[in-house]
file query-v4.cif (mmCIF, C-alpha atoms)
data_target
#
loop_
_atom_site.label_atom_id
_atom_site.label_comp_id
_atom_site.auth_asym_id
_atom_site.auth_seq_id
_atom_site.Cartn_x
_atom_site.Cartn_y
_atom_site.Cartn_z
CA MET A 205 -35.43 24.84 21.03
CA PRO A 206 -34.60 21.20 20.24
CA SER A 207 -36.92 18.62 21.66
CA LEU A 208 -35.84 16.13 24.29
CA LYS A 209 -35.70 13.38 21.71
CA ASP A 210 -33.43 15.44 19.45
CA LEU A 211 -31.08 16.10 22.32
CA LYS A 212 -31.00 12.45 23.27
CA ASN A 213 -30.12 11.46 19.71
CA ARG A 214 -27.41 14.10 19.57
CA ILE A 215 -25.87 12.83 22.78
CA SER A 216 -25.81 9.23 21.66
CA SER A 217 -24.31 10.17 18.31
CA VAL A 218 -21.54 12.20 19.94
CA LYS A 219 -20.97 9.32 22.31
CA SER A 220 -20.38 6.90 19.48
CA THR A 221 -18.08 9.42 17.79
CA ARG A 222 -16.12 9.57 20.99
CA LYS A 223 -15.84 5.80 21.04
CA ILE A 224 -14.42 5.83 17.51
CA THR A 225 -11.89 8.58 18.16
CA LYS A 226 -10.84 6.90 21.39
CA ALA A 227 -10.26 3.63 19.53
CA MET A 228 -8.34 5.41 16.79
CA GLN A 229 -6.19 7.07 19.38
CA MET A 230 -5.30 3.78 20.95
CA VAL A 231 -4.57 2.16 17.62
CA ALA A 232 -2.36 5.12 16.72
CA ALA A 233 -0.54 4.80 20.03
CA ALA A 234 0.23 1.15 19.35
CA LYS A 235 1.31 1.89 15.79
CA LEU A 236 3.40 4.83 16.94
CA ARG A 237 5.28 2.52 19.23
CA ARG A 238 6.05 0.19 16.35
CA ALA A 239 6.97 3.02 14.01
CA GLN A 240 9.30 4.48 16.60
CA ASP A 241 10.97 1.13 17.14
CA ALA A 242 11.46 0.76 13.41
CA ALA A 243 12.95 4.23 13.14
CA GLU A 244 15.19 3.50 16.10
CA ALA A 245 16.37 0.20 14.65
CA ALA A 246 17.22 1.80 11.33
CA ARG A 247 19.26 4.61 12.82
CA PRO A 248 22.64 2.77 13.24
CA TYR A 249 22.68 1.87 9.56
CA SER A 250 21.95 5.30 8.21
CA GLU A 251 24.28 6.99 10.70
CA ARG A 252 27.23 4.79 9.82
CA PHE A 253 26.41 4.87 6.16
CA ASN A 254 26.31 8.64 6.09
CA ALA A 255 29.47 8.93 8.17
CA VAL A 256 31.44 6.78 5.75
CA LEU A 257 29.87 8.42 2.73
CA GLY A 258 30.57 11.84 4.20
CA SER A 259 34.26 11.18 4.73
CA LEU A 260 34.57 9.61 1.29
CA ALA A 261 32.77 12.54 -0.28
CA ALA A 262 35.04 14.98 1.53
CA SER A 263 38.16 13.37 0.15
CA VAL A 264 36.96 12.78 -3.40
CA GLY A 265 34.46 15.61 -3.70
CA GLY A 266 36.88 18.25 -4.89
CA SER A 267 38.19 16.35 -7.86
CA ASP A 268 36.80 16.65 -11.38
CA THR A 269 36.06 12.97 -11.53
CA ALA A 270 33.54 13.12 -8.69
CA PRO A 271 30.29 11.31 -9.55
CA ARG A 272 27.42 13.46 -10.73
CA LEU A 273 25.28 12.37 -7.80
CA LEU A 274 27.72 14.25 -5.61
CA SER A 275 28.87 17.17 -7.73
CA GLY A 276 25.54 17.77 -9.42
CA THR A 277 24.90 18.49 -13.07
CA GLY A 278 26.37 21.95 -12.81
CA SER A 279 22.94 23.53 -13.00
CA ASP A 280 19.94 23.91 -10.73
CA GLN A 281 17.41 24.78 -13.37
CA VAL A 282 15.11 21.77 -13.04
CA GLN A 283 14.07 21.00 -9.49
CA LEU A 284 12.37 17.82 -8.39
CA LEU A 285 10.33 17.98 -5.20
CA ILE A 286 9.52 14.64 -3.63
CA VAL A 287 6.61 15.23 -1.31
CA MET A 288 6.08 12.45 1.20
CA THR A 289 2.79 12.39 3.07
CA ALA A 290 0.42 9.86 4.60
CA GLU A 291 -2.04 7.61 2.83
CA ARG A 292 -4.75 8.40 5.36
CA GLY A 293 -6.21 11.52 6.82
CA LEU A 294 -7.52 12.21 10.32
CA CYS A 295 -4.07 13.01 11.60
CA GLY A 296 -4.36 16.69 12.42
CA GLY A 297 -2.16 19.09 10.53
CA PHE A 298 0.35 16.43 9.55
CA ASN A 299 -0.29 16.28 5.82
CA SER A 300 -1.12 19.96 5.48
CA SER A 301 2.07 21.13 7.12
CA ILE A 302 4.25 19.08 4.78
CA VAL A 303 2.24 20.21 1.78
CA LYS A 304 2.44 23.81 2.92
CA LEU A 305 6.23 23.67 3.12
CA ALA A 306 6.47 22.03 -0.30
CA ARG A 307 4.06 24.52 -1.83
CA THR A 308 5.97 27.52 -0.47
CA LYS A 309 9.19 26.08 -1.83
CA ALA A 310 7.60 25.31 -5.22
CA ASN A 311 6.22 28.82 -5.55
CA GLU A 312 9.56 30.32 -4.58
CA LEU A 313 11.33 28.28 -7.23
CA ILE A 314 8.77 29.11 -9.88
CA LYS A 315 9.14 32.79 -9.07
CA ALA A 316 12.92 32.43 -9.44
CA GLY A 317 12.35 31.10 -12.95
CA LYS A 318 13.15 27.45 -12.24
CA THR A 319 11.33 24.49 -13.66
CA VAL A 320 9.61 22.51 -10.91
CA LYS A 321 8.60 18.87 -11.07
CA ILE A 322 6.77 17.09 -8.31
CA LEU A 323 6.79 13.44 -7.31
CA THR A 324 4.30 12.55 -4.64
CA VAL A 325 4.49 9.70 -2.17
CA GLY A 326 1.23 9.15 -0.33
CA LYS A 327 -2.27 9.93 -1.47
CA LYS A 328 -3.08 12.81 0.85
CA GLY A 329 -0.34 15.10 -0.34
CA ARG A 330 -1.24 14.44 -3.94
CA GLU A 331 -4.86 15.38 -3.34
CA GLN A 332 -3.92 18.65 -1.69
CA LEU A 333 -1.36 19.67 -4.29
CA LYS A 334 -3.47 18.66 -7.26
CA ARG A 335 -5.55 21.83 -7.17
CA ASP A 336 -2.86 24.41 -7.85
CA LEU A 337 0.25 22.45 -8.80
CA GLY A 338 -1.32 19.45 -10.53
CA GLU A 339 0.30 20.17 -13.89
CA LEU A 340 3.76 19.77 -12.36
CA PHE A 341 3.21 16.15 -11.28
CA ILE A 342 5.51 13.65 -12.92
CA GLY A 343 4.70 10.65 -10.84
CA HIS A 344 3.13 9.14 -7.76
CA VAL A 345 4.14 6.35 -5.42
CA ASP A 346 1.27 4.54 -3.82
CA LEU A 347 2.03 2.98 -0.45
CA SER A 348 -1.57 2.36 0.61
CA GLU A 349 -1.15 -1.40 0.18
CA VAL A 350 2.02 -1.44 2.25
CA LYS A 351 1.46 -2.49 5.83
CA ARG A 352 4.99 -1.90 7.06
CA VAL A 353 7.38 0.31 5.21
CA GLY A 354 10.49 -1.68 4.40
CA TYR A 355 13.80 -0.89 2.80
CA ASP A 356 12.45 -2.40 -0.42
CA ASN A 357 9.89 0.40 -0.71
CA ALA A 358 12.59 3.00 -0.31
CA GLN A 359 14.73 1.21 -2.86
CA ALA A 360 11.93 1.22 -5.39
CA ILE A 361 11.43 4.96 -4.98
CA ALA A 362 15.18 5.57 -5.17
CA LYS A 363 15.40 3.50 -8.34
CA ASP A 364 12.71 5.57 -9.98
CA VAL A 365 14.34 8.84 -8.91
CA LEU A 366 17.81 7.73 -10.03
CA ALA A 367 16.52 6.58 -13.41
CA ARG A 368 14.99 10.02 -13.91
CA PHE A 369 18.22 11.67 -12.85
CA ASP A 370 20.25 9.58 -15.29
CA ALA A 371 17.79 10.46 -18.02
CA GLY A 372 18.48 14.12 -17.28
CA GLU A 373 14.95 14.88 -16.12
CA PHE A 374 16.09 17.07 -13.23
CA ASP A 375 19.18 18.63 -11.65
CA VAL A 376 18.30 18.89 -7.97
CA ALA A 377 16.06 16.67 -5.86
CA THR A 378 14.63 17.58 -2.48
CA ILE A 379 12.50 15.43 -0.21
CA PHE A 380 9.77 16.81 2.03
CA TYR A 381 8.74 14.90 5.12
CA ALA A 382 8.02 15.46 8.78
CA GLN A 383 10.68 14.77 11.32
CA PHE A 384 9.39 13.12 14.44
CA GLN A 385 10.16 15.11 17.56
CA SER A 386 7.46 14.01 19.94
CA VAL A 387 3.80 13.13 19.93
CA ILE A 388 2.87 16.79 19.86
CA ALA A 389 5.67 18.08 17.64
CA GLN A 390 6.49 16.94 14.13
CA ILE A 391 8.69 19.24 12.14
CA PRO A 392 8.13 19.51 8.39
CA THR A 393 11.56 19.25 6.81
CA ALA A 394 13.05 19.77 3.38
CA GLN A 395 16.20 17.86 2.61
CA GLN A 396 18.22 17.92 -0.57
CA ILE A 397 19.26 14.42 -1.63
CA ILE A 398 20.64 14.98 -5.14
CA PRO A 399 23.32 16.26 -5.37
CA ALA A 400 24.14 14.70 -2.02
CA GLN A 401 24.93 17.00 0.86
CA PHE A 402 26.76 15.97 3.96
CA GLU A 403 27.39 17.65 7.22
CA ALA A 404 31.03 18.61 7.38
CA ALA A 405 32.88 15.82 9.13
CA GLY A 406 34.61 16.81 12.35
CA GLU A 407 38.17 18.03 11.86
CA GLY A 408 40.99 15.67 12.63
CA GLU A 409 38.94 12.54 13.07
CA GLY A 410 39.52 11.40 9.51
CA THR A 411 41.45 8.16 9.72
CA LEU A 412 43.52 7.16 6.74
CA TYR A 413 41.95 4.11 5.22
CA ASP A 414 43.11 1.63 2.68
CA TYR A 415 40.47 1.43 0.02
CA GLU A 416 39.59 -1.71 -1.79
CA PRO A 417 38.62 -1.12 -4.61
CA SER A 418 39.58 2.54 -5.15
CA GLU A 419 37.98 5.44 -3.32
CA GLU A 420 36.15 6.60 -6.43
CA ALA A 421 34.80 3.14 -7.16
CA ILE A 422 33.45 2.75 -3.63
CA LEU A 423 31.92 6.19 -3.73
CA ALA A 424 30.27 5.54 -7.09
CA ASP A 425 28.88 2.32 -5.66
CA LEU A 426 27.62 3.87 -2.45
CA LEU A 427 26.06 7.13 -3.64
CA PRO A 428 22.98 5.58 -5.30
CA ARG A 429 22.47 3.49 -2.16
CA GLY A 430 22.78 6.65 -0.11
CA VAL A 431 19.71 8.01 -1.88
CA ALA A 432 17.76 4.91 -0.90
CA THR A 433 19.03 5.16 2.67
CA GLN A 434 17.91 8.77 2.99
CA ILE A 435 14.51 8.03 1.50
CA PHE A 436 14.11 5.07 3.85
CA ALA A 437 15.02 7.18 6.88
CA ALA A 438 12.54 9.84 5.77
CA LEU A 439 9.79 7.25 5.26
CA LEU A 440 10.31 5.92 8.76
CA GLU A 441 10.37 9.39 10.32
CA ASN A 442 7.21 10.17 8.41
CA GLY A 443 5.57 6.98 9.63
CA ALA A 444 6.29 7.81 13.25
CA SER A 445 5.22 11.44 12.76
CA GLU A 446 1.94 10.41 11.16
CA GLN A 447 1.01 8.14 14.03
CA GLY A 448 2.10 10.74 16.57
CA ALA A 449 0.04 13.43 14.87
CA ARG A 450 -2.96 11.11 14.62
CA MET A 451 -2.65 10.18 18.25
CA SER A 452 -2.71 13.77 19.46
CA ALA A 453 -5.44 14.74 16.98
CA MET A 454 -7.61 11.87 18.17
CA ASP A 455 -6.85 12.68 21.78
CA ASN A 456 -8.13 16.19 21.16
CA ALA A 457 -11.18 14.90 19.35
CA THR A 458 -11.98 12.55 22.21
CA ARG A 459 -11.70 15.37 24.71
CA ASN A 460 -13.85 17.69 22.61
CA ALA A 461 -16.48 15.00 22.28
CA GLY A 462 -16.46 14.61 26.05
CA ASP A 463 -16.97 18.36 26.52
CA MET A 464 -19.79 18.34 24.03
CA ILE A 465 -21.50 15.44 25.76
CA ASP A 466 -21.30 17.32 29.08
CA ARG A 467 -22.84 20.44 27.51
CA LEU A 468 -25.57 18.52 25.80
CA THR A 469 -26.35 16.54 28.95
CA ILE A 470 -26.80 19.78 30.93
CA GLU A 471 -29.05 21.16 28.21
CA TYR A 472 -31.01 17.91 28.16
CA ASN A 473 -31.50 17.93 31.92
CA ARG A 474 -32.58 21.59 31.90
CA SER A 475 -35.15 20.94 29.17
CA ARG A 476 -36.42 17.89 30.99
CA GLN A 477 -36.76 19.96 34.18
CA ALA A 478 -38.59 22.67 32.25
CA VAL A 479 -41.02 20.12 30.85
CA ILE A 480 -41.71 18.72 34.33
CA THR A 481 -42.20 22.21 35.78
CA ASN A 482 -44.57 23.05 32.98
CA GLU A 483 -46.60 19.93 33.56
CA LEU A 484 -46.79 20.64 37.30
CA ILE A 485 -47.97 24.20 36.66
CA GLU A 486 -50.63 22.87 34.33
CA ILE A 487 -51.82 20.29 36.87
CA ILE A 488 -51.87 22.80 39.73
CA SER A 489 -53.65 25.47 37.77
CA GLY A 490 -56.10 22.85 36.54
CA ALA A 491 -56.79 21.78 40.12
CA GLU A 492 -57.23 25.37 41.27
CA ALA A 493 -59.76 26.04 38.54
CA LEU A 494 -62.06 23.33 39.84
CA MET B 900 40.20 -6.38 25.85
CA ALA B 901 43.27 -5.93 23.73
CA ASP B 902 42.89 -9.04 21.63
CA MET B 903 39.32 -8.39 20.63
CA VAL B 904 37.61 -6.03 18.21
CA GLN B 905 34.18 -4.49 18.44
CA PHE B 906 32.12 -6.20 15.78
CA ASP B 907 28.89 -4.67 14.44
CA LEU B 908 26.68 -5.90 11.68
CA VAL B 909 23.92 -3.53 10.68
CA CYS B 910 21.42 -3.64 7.85
CA PRO B 911 18.87 -0.93 6.93
CA GLU B 912 16.02 -2.26 9.00
CA ARG B 913 17.84 -3.29 12.12
CA SER B 914 21.12 -4.02 13.79
CA LEU B 915 21.83 -7.71 13.38
CA ALA B 916 24.77 -8.36 15.65
CA SER B 917 27.03 -6.49 17.98
CA GLY B 918 29.72 -7.74 20.29
CA LEU B 919 33.39 -8.46 20.80
CA ALA B 920 35.04 -10.70 18.27
CA SER B 921 38.53 -12.13 18.00
CA GLU B 922 38.43 -12.23 14.22
CA VAL B 923 36.01 -11.70 11.39
CA LEU B 924 36.12 -13.39 8.00
CA ILE B 925 34.81 -11.02 5.37
CA PRO B 926 33.85 -11.66 1.75
CA GLY B 927 35.42 -8.50 0.32
CA SER B 928 34.84 -7.61 -3.29
CA GLU B 929 38.54 -7.94 -4.04
CA GLY B 930 38.89 -11.20 -2.16
CA GLU B 931 38.20 -12.74 1.20
CA LEU B 932 39.96 -11.21 4.14
CA THR B 933 40.19 -11.74 7.86
CA ALA B 934 40.12 -8.78 10.18
CA GLY B 935 41.36 -9.00 13.72
CA PRO B 936 42.72 -6.66 16.38
CA GLY B 937 45.27 -4.19 15.11
CA HIS B 938 44.21 -4.51 11.50
CA GLU B 939 45.19 -1.69 9.17
CA PRO B 940 42.27 0.74 8.83
CA MET B 941 40.49 -0.02 5.59
CA LEU B 942 37.25 0.30 3.77
CA THR B 943 36.08 -2.31 1.33
CA THR B 944 32.90 -3.24 -0.43
CA LEU B 945 31.31 -6.66 -0.02
CA ARG B 946 30.30 -9.30 -2.44
CA PRO B 947 27.68 -11.96 -1.77
CA GLY B 948 29.09 -14.56 0.56
CA PHE B 949 29.41 -15.92 4.04
CA LEU B 950 30.65 -13.74 6.83
CA ARG B 951 31.94 -15.44 9.94
CA ALA B 952 32.56 -13.68 13.22
CA GLU B 953 34.41 -15.40 16.05
CA LEU B 954 32.39 -13.89 18.85
CA GLU B 955 32.90 -14.45 22.52
CA GLY B 956 30.02 -16.87 22.70
CA GLY B 957 31.28 -18.86 19.70
CA ALA B 958 31.42 -18.40 15.96
CA GLN B 959 28.45 -16.92 14.18
CA ASP B 960 27.78 -17.14 10.48
CA PHE B 961 25.94 -14.59 8.41
CA VAL B 962 25.02 -14.29 4.78
CA VAL B 963 25.55 -10.86 3.25
CA THR B 964 24.85 -9.74 -0.28
CA HIS B 965 25.81 -6.13 -0.71
CA GLY B 966 27.35 -3.42 1.39
CA PHE B 967 30.68 -2.41 2.78
CA VAL B 968 32.96 -2.91 5.76
CA GLU B 969 34.81 -0.36 7.78
CA ILE B 970 37.79 -1.87 9.54
CA SER B 971 39.93 -0.16 12.12
CA ALA B 972 42.37 -1.43 14.71
CA GLN B 973 39.62 -1.71 17.32
CA SER B 974 36.47 -2.30 15.36
CA VAL B 975 34.90 -4.02 12.40
CA SER B 976 31.64 -2.49 11.20
CA VAL B 977 29.76 -4.31 8.50
CA ILE B 978 27.16 -2.13 6.83
CA ALA B 979 25.23 -4.53 4.67
CA GLU B 980 22.30 -3.69 2.48
CA ARG B 981 20.98 -7.20 2.96
CA ALA B 982 22.14 -9.54 5.66
CA PHE B 983 20.75 -12.64 7.30
CA ALA B 984 21.91 -14.88 10.08
CA ALA B 985 23.10 -18.01 8.27
CA ALA B 986 20.83 -20.15 10.42
CA ASP B 987 17.61 -18.53 9.25
CA VAL B 988 18.37 -17.60 5.70
CA ALA B 989 16.13 -19.34 3.24
CA ARG B 990 17.01 -20.21 -0.31
CA PRO B 991 13.90 -18.51 -1.76
CA ASP B 992 15.08 -15.19 -0.28
CA LEU B 993 18.39 -15.42 -2.04
CA GLU B 994 16.82 -16.72 -5.22
CA ALA B 995 14.53 -13.70 -5.27
CA ILE B 996 17.55 -11.41 -5.03
CA LEU B 997 19.26 -13.41 -7.76
CA GLU B 998 16.24 -13.12 -10.01
CA GLU B 999 16.16 -9.35 -9.52
CA ALA B 1000 19.87 -9.01 -10.24
CA ARG B 1001 19.47 -11.05 -13.41
CA ASP B 1002 16.65 -8.81 -14.58
CA ARG B 1003 18.78 -5.76 -13.98
CA MET B 1004 21.65 -7.37 -15.82
CA GLU B 1005 19.49 -7.93 -18.89
CA GLN B 1006 18.56 -4.27 -18.92
CA ALA B 1007 21.97 -2.87 -18.04
CA ALA B 1008 23.27 -0.86 -20.94
CA GLU B 1009 26.74 0.18 -19.90
CA ASP B 1010 29.47 -2.42 -20.03
CA GLU B 1011 30.80 -1.51 -16.64
CA GLU B 1012 27.46 -1.88 -14.90
CA ARG B 1013 26.79 -5.12 -16.72
CA HIS B 1014 30.15 -6.46 -15.77
CA GLY B 1015 29.57 -5.63 -12.12
CA LEU B 1016 26.17 -7.29 -12.14
CA GLU B 1017 27.53 -10.36 -13.85
CA ARG B 1018 30.01 -10.78 -11.05
CA PHE B 1019 27.29 -10.20 -8.49
CA VAL B 1020 25.15 -12.91 -10.06
CA ALA B 1021 28.07 -15.34 -10.28
CA ASP B 1022 28.92 -14.80 -6.62
CA LEU B 1023 25.33 -15.24 -5.62
CA VAL B 1024 24.99 -18.49 -7.56
CA HIS B 1025 28.14 -19.72 -5.90
CA LEU B 1026 26.76 -18.72 -2.52
CA ILE B 1027 23.49 -20.54 -3.08
CA ASP B 1028 25.39 -23.63 -4.20
CA ARG B 1029 27.47 -23.58 -1.07
CA MET B 1030 24.41 -23.47 1.12
CA ASP B 1031 23.51 -27.09 0.58
#
call {"tool": "encode", "arguments": {"input": "query-v4.cif", "output": "structure tokens"}}
result
Amino acid sequence: MPSLKDLKNRISSVKSTRKITKAMQMVAAAKLRRAQDAAEAARPYSERFNAVLGSLAASVGGSDTAPRLLSGTGSDQVQLLIVMTAERGLCGGFNSSIVKLARTKANELIKAGKTVKILTVGKKGREQLKRDLGELFIGHVDLSEVKRVGYDNAQAIAKDVLARFDAGEFDVATIFYAQFQSVIAQIPTAQQIIPAQFEAAGEGEGTLYDYEPSEEAILADLLPRGVATQIFAALLENGASEQGARMSAMDNATRNAGDMIDRLTIEYNRSRQAVITNELIEIISGAEAL
Amino acid sequence: MADMVQFDLVCPERSLASGLASEVLIPGSEGELTAGPGHEPMLTTLRPGFLRAELEGGAQDFVVTHGFVEISAQSVSVIAERAFAAADVARPDLEAILEEARDRMEQAAEDEERHGLERFVADLVHLIDRMD
């Protein structure tokens, strides 16, 4: 049985843990707010961009002259998986769930005889994948120095990916990230970005536009930017998801610490009572002996 | 209102302006154009330049570098990769973009890409000159 002093130390240590997790939860809540605002503010751009790109792609897509970013290389042999995770841990199952999805997909592709290459964004995902899929890594993007993810970051990643595509390093690229649903639900998502895929535009709403310059020229100009836009949207979703996951993880941790403190306090009080009772018995029996 | 169009200017990080405008002057890649109510639907890319919107509260100027515009009879949507309100754009910002474009131009291998970047740089230089 632990001594009173041990128990007291335990309680104070759990108490300071609770203080830390509580603080982390509040910081995450504030950051979540900001991340959500950023994701919200970026939505009009990506929605409009994709709508225009989608209708352009629908009208040009069928032709033989369609850009390779849209039509693909005609093969799906070499697959690039872009795994986007957080730079920090202590956010519940956030990183693991993205990694798990990417790993399942990678193993499936390997089993199907494809060549898999992995580009990681964020330190945590890299660490987790290094053990079994480390030899497939072709690059890593470090965002640990970045305070607020901006479009520039997405552009840099897109530039790297596009350069690799032009060099013929892969045929199909898929990004893995977590879509933010709510504080308690973030959905790990896989999205193919090269060749670009668009949701079928609604029938009949296609207006006839004049194009200046030609349709093909606009499409060729926009497609590479579309990659950056999608990566940017994914980065923002991921940012919000990470903070949401951290917030609920820290909320749980705070509550668990509270429960533990209650249990330890009861145990402490019982032991203290036992000690007092013991002392009393000793005094009384000592007095009786006289 | 029949004689107004819905004007939106969005860039990747936020929506910059939204409101009713009587006409919008756009630096299209094939030449400047003015879009107003009842304009033929069209889609054009942008080149670096000034964009002026005659909004209800008065004219507003913006600086855009790259992107495209979707024009219909009732709306003008500018989807710009980089856009600033003309009032708070700083020369260093634009010069940084210029520097980057020049670097890319040096490395560009294909003639077509190089040609496009050369025009981009020329437009940007012109834009910076006009700022003073």
call {"tool": "interface_residues", "arguments": {"input": "query-v4.cif", "of": "chain B", "to": "chain A", "cutoff": "8 Å", "atoms": "only C-alpha atoms", "output": "compact mmCIF listing (two decimals) with C-alpha atoms, keeping the file's coordinate frame"}}
result
# COMPACT_ATOMS: atom_id res chain seq x y z
CA VAL B 909 23.92 -3.53 10.68
CA CYS B 910 21.42 -3.64 7.85
CA PRO B 911 18.87 -0.93 6.93
CA GLU B 912 16.02 -2.26 9.00
CA ARG B 913 17.84 -3.29 12.12
CA SER B 914 21.12 -4.02 13.79
CA SER B 928 34.84 -7.61 -3.29
CA GLU B 929 38.54 -7.94 -4.04
CA GLU B 939 45.19 -1.69 9.17
CA PRO B 940 42.27 0.74 8.83
CA MET B 941 40.49 -0.02 5.59
CA LEU B 942 37.25 0.30 3.77
CA THR B 943 36.08 -2.31 1.33
CA THR B 944 32.90 -3.24 -0.43
CA ILE B 978 27.16 -2.13 6.83
call {"tool": "resolve_selection", "arguments": {"input": "query-v4.cif", "expression": "the PyMOL selection byres ((chain A and resi 390) around 9)", "output": "PDB file with C-alpha atoms, in the frame of the given file"}}
result
ATOM      1  CA  PHE A 298       0.350  16.430   9.550  1.00  0.00           C
ATOM      2  CA  ALA A 382       8.020  15.460   8.780  1.00  0.00           C
ATOM      3  CA  GLN A 383      10.680  14.770  11.320  1.00  0.00           C
ATOM      4  CA  PHE A 384       9.390  13.120  14.440  1.00  0.00           C
ATOM      5  CA  GLN A 385      10.160  15.110  17.560  1.00  0.00           C
ATOM      6  CA  SER A 386       7.460  14.010  19.940  1.00  0.00           C
ATOM      7  CA  VAL A 387       3.800  13.130  19.930  1.00  0.00           C
ATOM      8  CA  ILE A 388       2.870  16.790  19.860  1.00  0.00           C
ATOM      9  CA  ALA A 389       5.670  18.080  17.640  1.00  0.00           C
ATOM     10  CA  ILE A 391       8.690  19.240  12.140  1.00  0.00           C
ATOM     11  CA  PRO A 392       8.130  19.510   8.390  1.00  0.00           C
ATOM     12  CA  ASN A 442       7.210  10.170   8.410  1.00  0.00           C
ATOM     13  CA  SER A 445       5.220  11.440  12.760  1.00  0.00           C
ATOM     14  CA  GLU A 446       1.940  10.410  11.160  1.00  0.00           C
ATOM     15  CA  GLY A 448       2.100  10.740  16.570  1.00  0.00           C
ATOM     16  CA  ALA A 449       0.040  13.430  14.870  1.00  0.00           C
TER      17      ALA A 449
END
call {"tool": "residues_around", "arguments": {"input": "query-v4.cif", "residues": "Ala972 of chain B", "least_positions_apart": "4", "cutoff": "6 Å", "atoms": "only C-alpha atoms", "output": "NGL selection string"}}
result
:B and (936-938)
call {"tool": "resolve_selection", "arguments": {"input": "query-v4.cif", "expression": "the PyMOL selection byres ((chain A and resi 210-217) around 12)", "output": "list in words"}}
result
Met205, Pro206, Ser207, Leu208, Lys209, Val218, Lys219, Ser220, Thr221, Arg222, Lys223, Ile224, Ala461, Gly462, Asp463, Met464, Ile465, Asp466, Arg467, Leu468, Thr469, Ile470, Glu471, Tyr472, Asn473, Arg474, Ser475 and Arg476 of chain A
call {"tool": "resolve_selection", "arguments": {"input": "query-v4.cif", "expression": "the PyMOL selection byres ((chain A and resi 281) around 10)", "output": "VMD selection string"}}
result
chain A and resid 277 to 280 282 to 284 313 316 to 320 374 to 376
call {"tool": "residues_around", "arguments": {"input": "query-v4.cif", "residues": "Ser917 of chain B", "least_positions_apart": "6", "cutoff": "7 Å", "atoms": "only C-alpha atoms", "output": "list in words"}}
result
Phe906, Asp907 and Leu908 of chain B
call {"tool": "write_last_selection", "arguments": {"input": "query-v4.cif", "atoms": "C-alpha atoms", "output": "compact mmCIF listing (two decimals), keeping the file's coordinate frame"}}
result
# COMPACT_ATOMS: atom_id res chain seq x y z
CA PHE B 906 32.12 -6.20 15.78
CA ASP B 907 28.89 -4.67 14.44
CA LEU B 908 26.68 -5.90 11.68
call {"tool": "residues_around", "arguments": {"input": "query-v4.cif", "residues": "Ala1000 of chain B", "least_positions_apart": "2", "cutoff": "12 Å", "atoms": "all atoms listed in the file", "output": "list in words"}}
result
Pro947, Thr964, His965, Leu993, Glu994, Ala995, Ile996, Leu997, Glu998, Asp1002, Arg1003, Met1004, Glu1005, Gln1006, Ala1007, Glu1012, Arg1013, His1014, Gly1015, Leu1016, Glu1017, Arg1018, Phe1019, Val1020, Ala1021, Asp1022, Leu1023 and Val1024 of chain B
call {"tool": "build_atoms", "arguments": {"input": "query-v4.cif", "residues": "segment 248-255 of chain A", "atoms": "N, CA, C and O atoms", "output": "CSV table (one decimal), in the coordinates of the input"}}
result
chain,number,residue,atom,x,y,z
A,248,PRO,N,21.2,3.1,13.3
A,248,PRO,CA,22.6,2.8,13.2
A,248,PRO,C,23.1,2.7,11.8
A,248,PRO,O,24.2,3.2,11.4
A,249,TYR,N,22.3,2.0,11.0
A,249,TYR,CA,22.7,1.9,9.6
A,249,TYR,C,22.9,3.2,8.9
A,249,TYR,O,23.9,3.5,8.3
A,250,SER,N,21.9,4.1,9.0
A,250,SER,CA,22.0,5.3,8.2
A,250,SER,C,23.0,6.2,8.8
A,250,SER,O,23.7,6.9,8.0
A,251,GLU,N,23.2,6.2,10.1
A,251,GLU,CA,24.3,7.0,10.7
A,251,GLU,C,25.7,6.6,10.2
A,251,GLU,O,26.5,7.4,9.8
A,252,ARG,N,25.9,5.3,10.3
A,252,ARG,CA,27.2,4.8,9.8
A,252,ARG,C,27.4,5.0,8.3
A,252,ARG,O,28.5,5.4,7.9
A,253,PHE,N,26.3,4.7,7.6
A,253,PHE,CA,26.4,4.9,6.2
A,253,PHE,C,26.8,6.3,5.8
A,253,PHE,O,27.7,6.6,5.0
A,254,ASN,N,26.1,7.2,6.4
A,254,ASN,CA,26.3,8.6,6.1
A,254,ASN,C,27.7,9.1,6.6
A,254,ASN,O,28.3,9.9,5.9
A,255,ALA,N,28.1,8.5,7.7
A,255,ALA,CA,29.5,8.9,8.2
A,255,ALA,C,30.5,8.5,7.2
A,255,ALA,O,31.4,9.3,6.8
